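S.K.: So that we are looking at the same thing, I have put the structure below in structure tokens.
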Amino acid sequence: MRTTRRTLLATALTASLGLGLAACGSDESGSGGDAVETVKFGYIADYNGTSLLAIANDQGLWEKHGLEAETPVFTNGPLQIQALGAGDLDFGYIGPGAMWLPASGQAKVIAINTLGNSDRVIAQQGITSLEQLEGKKVGVPEGTSGDMILSLALEKAGLTKDDVELTPMDPSTIVSAFSSGQIDAAGFWYPAIATIKEQDPDLVELAKNSDFTDVQFPTAFVAGNDVVDQEKTTKTIAVLREAMAFRAENPEEAVEVTAKMLGRPVEDVQADADNNTVLTVEELDQDTQDGTVDSWLDGMQTFFVDNGKLDAPADPKTWYTGDLFTGAAQ
């Protein structure tokens, strides 16, 4: 799982050209008078992964902080972590299911983004309980939040992954495989599930994030280990903080600019946004300083250790740079 997939990375990066260039002039200077620096920032094409970048583009925040952003799109967090390690990205976005990767030292979390409730275990019509998944063919993008919600749901039902016919798939394959009936169920997420519903409106949702009240599902922005101590990380965090403030204060406009960047209807993006809890900068500062974020991350590490993703938990302060995040306060 941790092997670098350079072919996939090259494909993802190539496919993304032109999808996300921030409106910054390469010959301009930032507000501090420094030369413009280019950052490569990966994202996932949903509200959580896109909204802050869309706002930064729309509001000229990259230019304000002396940056120019190249924003290639990816299908999941683990691919972005691999790209960070290979030097193909400086920053990226991950969902909760990929949080074990920075916890294992493969990247640094530079900012918490939202608390997610987009993940589901879905099943074909006629399957009405998690217990009925025993022996069924279940698709899942490994190492993602879909993998995480599936593991939690199976445990709740007294099952393990050994009790189902687990089939690793990339997200686009899950959409087609479920719609055509090639798999019985999947650990997956919105908005991709909404696409499946267009073909199969009678699919059954067997589990969701909010069913597991003892676990939070934070989404986050990450930096490569060799990038996190550079000045561009401080500038990038400042961009994210300003975009967070705008998103919290202008939720409708945030959805609109995100829809524009994604090329999707506003109502679809709004439905996606409604599945998640947006946190203000002030809330994130407080939650970082009082240890709340560390407790979220520790809770996730317990899950990852129990499920074989981590050998042992690490102090969140070694992989969440909360001091950098709060230190960027204006």
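Residue names in the structure tokens use chain letters A, B, ... in the order shown, residue numbers from 1 in each chain, and ligand numbers from 1 in the order shown.
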Would you give me, as number ranges by chain, the residues in range 28-226 of chain A that DSSP reads as strand (DSSP E)?

M.R.: A: 37-40, 43-44, 67-70, 73-74, 91-94, 108-115, 119-123, 137-140, 165-168, 185-189, 204-208, 218-223

S.K.: Do a neighbour search on Ser118 in chain A at 7 Å with only C-alpha atoms, toss out local chain neighbours closer than 5 positions, and write the hits as a VMD selection string.

M.R.: chain A and resid 189 to 190 275 to 276

S.K.: The selected residues should be written to file as a PDB file, in the first residue's frame (atoms: C-alpha atoms).

M.R.:
```pdb
ATOM      1  CA  TRP A 189     -18.510   8.684   0.237  1.00  0.00           C
ATOM      2  CA  TYR A 190     -20.542  11.599  -1.051  1.00  0.00           C
ATOM      3  CA  ASN A 275     -22.796  16.567   4.997  1.00  0.00           C
ATOM      4  CA  ASN A 276     -19.936  18.220   6.880  1.00  0.00           C
TER       5      ASN A 276
END
```

S.K.: Mind checking DSSP for range 90-192 of chain A and telling me the alpha helix (DSSP H) residues as an MDAnalysis selection string?

M.R.: chainID A and resid 100:103 145:156 171:179 192

S.K.: Can you pull out every residue within 9 Å of Met300 in chain A, counting only C-alpha atoms, but drop anything in the same chain fewer than 5 positions away, and send it as a ChimeraX atom specification?

M.R.: /A:96-97,99-100,215-217,295,305

S.K.: Can you spit out the residues from that selection as a short mmCIF file (atom, residue, chain, number, x, y, z; two decimals), in the first residue's frame, using N, CA and C atoms?

M.R.:
```cif
data_model
loop_
_atom_site.label_atom_id
_atom_site.label_comp_id
_atom_site.auth_asym_id
_atom_site.auth_seq_id
_atom_site.Cartn_x
_atom_site.Cartn_y
_atom_site.Cartn_z
N PRO A 96 -10.38 11.67 6.52
CA PRO A 96 -10.01 11.00 7.77
C PRO A 96 -9.40 9.62 7.57
N GLY A 97 -9.82 8.90 6.55
CA GLY A 97 -9.31 7.55 6.36
C GLY A 97 -7.84 7.49 6.01
N MET A 99 -5.62 9.53 7.41
CA MET A 99 -4.87 10.20 8.48
C MET A 99 -3.77 9.32 9.07
N TRP A 100 -3.86 8.01 8.85
CA TRP A 100 -2.81 7.12 9.35
C TRP A 100 -1.47 7.37 8.65
N VAL A 215 -15.98 8.63 17.77
CA VAL A 215 -14.89 8.95 16.83
C VAL A 215 -15.26 10.20 16.05
N GLN A 216 -14.33 11.14 15.95
CA GLN A 216 -14.49 12.28 15.05
C GLN A 216 -13.77 11.97 13.74
N PHE A 217 -14.21 12.61 12.66
CA PHE A 217 -13.68 12.34 11.34
C PHE A 217 -13.15 13.62 10.71
N SER A 295 -6.99 15.11 20.79
CA SER A 295 -7.86 14.00 21.20
C SER A 295 -8.55 13.37 20.00
N VAL A 305 -4.48 1.61 14.81
CA VAL A 305 -3.69 0.54 15.43
C VAL A 305 -4.51 -0.73 15.50
#
```

S.K.: Skip range 218-220 of chain A itself and residues of its chain fewer than 2 positions away, then list as number ranges by chain all residues within 6 Å of it, counting only C-alpha atoms.

M.R.: A: 93-96, 111-116

S.K.: Okay, now the selection with N, CA and C atoms, as a compact mmCIF listing (two decimals), in the first residue's frame?

M.R.:
```txt
# COMPACT_ATOMS: atom_id res chain seq x y z
N TYR A 93 -4.62 17.55 0.30
CA TYR A 93 -5.80 17.42 1.13
C TYR A 93 -6.09 15.94 1.36
N ILE A 94 -6.42 15.57 2.60
CA ILE A 94 -6.77 14.18 2.88
C ILE A 94 -8.03 14.12 3.73
N GLY A 95 -8.78 13.04 3.55
CA GLY A 95 -9.91 12.75 4.40
C GLY A 95 -9.46 11.98 5.62
N PRO A 96 -10.38 11.67 6.52
CA PRO A 96 -10.01 11.00 7.77
C PRO A 96 -9.40 9.62 7.57
N ALA A 111 -3.07 21.82 8.88
CA ALA A 111 -4.34 22.47 9.24
C ALA A 111 -5.46 21.44 9.23
N ILE A 112 -6.31 21.48 10.24
CA ILE A 112 -7.56 20.73 10.22
C ILE A 112 -8.56 21.54 9.41
N ASN A 113 -9.41 20.87 8.67
CA ASN A 113 -10.30 21.54 7.74
C ASN A 113 -11.76 21.50 8.20
N THR A 114 -12.37 20.35 8.18
CA THR A 114 -13.76 20.17 8.58
C THR A 114 -13.89 18.88 9.38
N LEU A 115 -15.07 18.67 9.95
CA LEU A 115 -15.41 17.37 10.52
C LEU A 115 -16.38 16.71 9.55
N GLY A 116 -15.97 15.57 9.02
CA GLY A 116 -16.70 14.96 7.93
C GLY A 116 -17.85 14.07 8.36
```

S.K.: Suppose you want the space between CA of Asp163 in chain A and CA of Thr302 in chain A; what is it in Å?

M.R.: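 Computing it gives 22.1 Å between the two atoms.
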